[in-house]
Amino acid sequence: MSAIRDSLGRVGYDLLSRALSECQGTRATGKLRVSGKPGGVFHLRDGCVVAVESPGAPGPEARLLRSGRVSGEQWAELLREAGATRWPQAGLIAHGYAGAAQLRVVCMMAMQDAAFAVVAGDVEACDPLDAAFEPYAPVALGEAPGRLLQDAARKLAAVAALPQPVRPDRERPVPADVSDEIREQLPPSQKELLTHADGRRTARDIAFATGLGAYTVTVGMARMLGEGLLELPGEPASAAPVTVRVPPAGALRQRPSAAPAMDPTVFSALASAVGSEVTPAPESRAASVPLPGASAPPLPRREPGESAPSLPRREPGASGITETLAPERAAASWRGFFRLRHRIWTPDSGT
């Protein structure tokens with residue numbers, strides 16, 4: 001946890017403080033975008049901060065909806081009304097969903113919580129000030145940048161001073177093994193944290209799910225870790241080594257070929273038909289096939305002037321397509337053929 005305790009001396013914090021001080025000195029109006037994790041946007045008016053937006057902390061809308069003060073249907077109806085804006089403050093007050101003072105407090109708390117999330121994270125750079133001024137839910141009276149950053153630094157130091165400090169976007173605790181009697185005696189805020197702490201949510205995630213501030217959830221999580229109500233899951237155990245058993249040297253044998261050996265009598269008949277000397281057939285066909293990468297056996301050489309062995313010719317009619325006719329039947333067959341042709345092509349046949 002030394003990284004949390006040394007957070008106030010980081011270069012990113014000094015960079016953000018210097019950029020906001022320059023905006024205050026020039027009484028600038030616009031938005032200052034802060035790059036980092038989670039980063040955010042500071043909206044300034046006449047050098048004072050009137051709103052801060054950051055993905056590391058819930059805004060005013062999330063605070064109202066997740067806390068149950070305003071339902072989703074009511075919020076949708078407010079946005080559909082004529083003249084409604086992104087932040088329907090007038091509609092909330094007119095329908096009695098929230099008072100003017102309550103909305104001012106919600107906007108101020110959301111701004112301070114977003115500034116804490118930016119300071120608690122990693123500040124990489126500050127972009128030049130953009131003259132566009134479109135804050136989501138600005139406060140009526142702006143806050144001095146120096147005072148806003150001092151408040152965020154004080155909160156970060158308070159978290160670092162706890163026995164079990166945590167970051168808003170790092171640790172994911174799980175409920176500890178406590179008895180039901182102890183659970184019943186816990187305050188509602190700690191019961192809610194126990195319900196949402198499932199080993200997959202950080203303090204930032206729980207803040208968005210419940211509508212509480214990121215700083216509030218971070219402090220509550222750190223205190224419950226110190227009291228033994230929450231615990232951080234240990235590192236996953238390394239996988240057990242896999243034992244590979246090597247079989248003995250004589251256990252692996254060559255698999256016999258499934259091809260049957262050629263009958264010697266058949267081989268002799270084929271050799272005599274080809275008319276050349278052929279090496280006797282091996283015991284199996286697989287043994288005669290050369291292995292991949294092995295050179296093929298040399299072909300037998302013929303002497304100069306020696307003719308190639310002649311292959312046997314197939315007798316007519318051996319394939320079943322042609323038929324050998326005897327001399328005495330050949331003439332009769334041709335006469336019958338021409339007689340049939342004369343009958344097919346007669347003029348009166350019409351064909």
# chains A, B, ... in the order shown; residues from 1 in each chain; ligands from 1

call {"tool": "closest_atom_pairs", "arguments": {"of": "region 90-186 of chain A", "to": "region 57-67 of chain A", "cutoff": "8 Å", "atoms": "only C-alpha atoms", "output": "CSV"}}
result
residue,atom,partner,partner_atom,distance
A:Val106,CA,A:Pro60,CA,6.0
A:Cys107,CA,A:Pro60,CA,5.7
A:Ala110,CA,A:Gly59,CA,5.4
A:Met111,CA,A:Gly59,CA,7.7
A:Asp113,CA,A:Ala57,CA,6.3
A:Ala114,CA,A:Ala57,CA,5.2
A:Ala117,CA,A:Ala57,CA,6.2
A:Ala137,CA,A:Pro60,CA,7.3

call {"tool": "residues_around", "arguments": {"residues": "Glu124 (chain A)", "least_positions_apart": "3", "cutoff": "8 Å", "atoms": "only C-alpha atoms", "output": "PyMOL selection string"}}
result
chain A and resi 12+34-36

call {"tool": "closest_atom_pairs", "arguments": {"of": "region 37-136 of chain A", "to": "region 147-164 of chain A", "cutoff": "8 Å", "atoms": "only C-alpha atoms", "output": "tab-separated table"}}
result
residue	atom	partner	partner_atom	distance
A:Gln112	CA	A:Leu148	CA	6.9
A:Asp113	CA	A:Ala152	CA	7.9
A:Ala115	CA	A:Ala152	CA	6.3
A:Phe116	CA	A:Ala152	CA	4.6
A:Val119	CA	A:Ala152	CA	6.7
A:Ala120	CA	A:Leu156	CA	6.6

call {"tool": "write_last_selection", "arguments": {"atoms": "N, CA and C atoms", "output": "compact mmCIF listing (two decimals), in the first residue's frame"}}
result
# COMPACT_ATOMS: atom_id res chain seq x y z
N GLN A 112 -17.22 17.31 -5.94
CA GLN A 112 -16.10 17.00 -5.05
C GLN A 112 -15.70 15.53 -5.15
N ASP A 113 -16.67 14.66 -5.32
CA ASP A 113 -16.35 13.22 -5.43
C ASP A 113 -15.63 12.92 -6.73
N ALA A 115 -13.69 15.03 -8.35
CA ALA A 115 -12.33 15.54 -8.18
C ALA A 115 -11.48 14.56 -7.38
N PHE A 116 -12.04 13.94 -6.36
CA PHE A 116 -11.30 12.93 -5.59
C PHE A 116 -10.95 11.73 -6.46
N VAL A 119 -7.95 12.69 -8.69
CA VAL A 119 -6.70 12.79 -7.93
C VAL A 119 -6.24 11.42 -7.45
N ALA A 120 -7.16 10.55 -7.08
CA ALA A 120 -6.79 9.21 -6.62
C ALA A 120 -6.31 8.31 -7.73

call {"tool": "atom_distance", "arguments": {"atom1": "CA of Met221 (chain A)", "atom2": "CA of Pro188 (chain A)"}}
result
13.6 Å

call {"tool": "atom_distance", "arguments": {"atom1": "CA of Arg104 (chain A)", "atom2": "CA of Pro138 (chain A)"}}
result
8.9 Å

call {"tool": "closest_residue", "arguments": {"among": "A:Arg204, A:Arg183, A:Arg86, A:Arg69", "to": "Val217 (chain A)", "atoms": "only C-alpha atoms"}}
result
A:Arg204

call {"tool": "closest_residue", "arguments": {"among": "A:Glu22, A:Glu231, A:Glu181, A:Asp46", "to": "Cys126 (chain A)", "atoms": "only C-alpha atoms"}}
result
A:Glu22

call {"tool": "atom_distance", "arguments": {"atom1": "CA of Gly199 (chain A)", "atom2": "CA of Ser71 (chain A)"}}
result
28.4 Å

call {"tool": "closest_residue", "arguments": {"among": "A:Leu15, A:Ala197, A:Ala131, A:Val123", "to": "Gly30 (chain A)", "atoms": "only C-alpha atoms"}}
result
A:Ala131
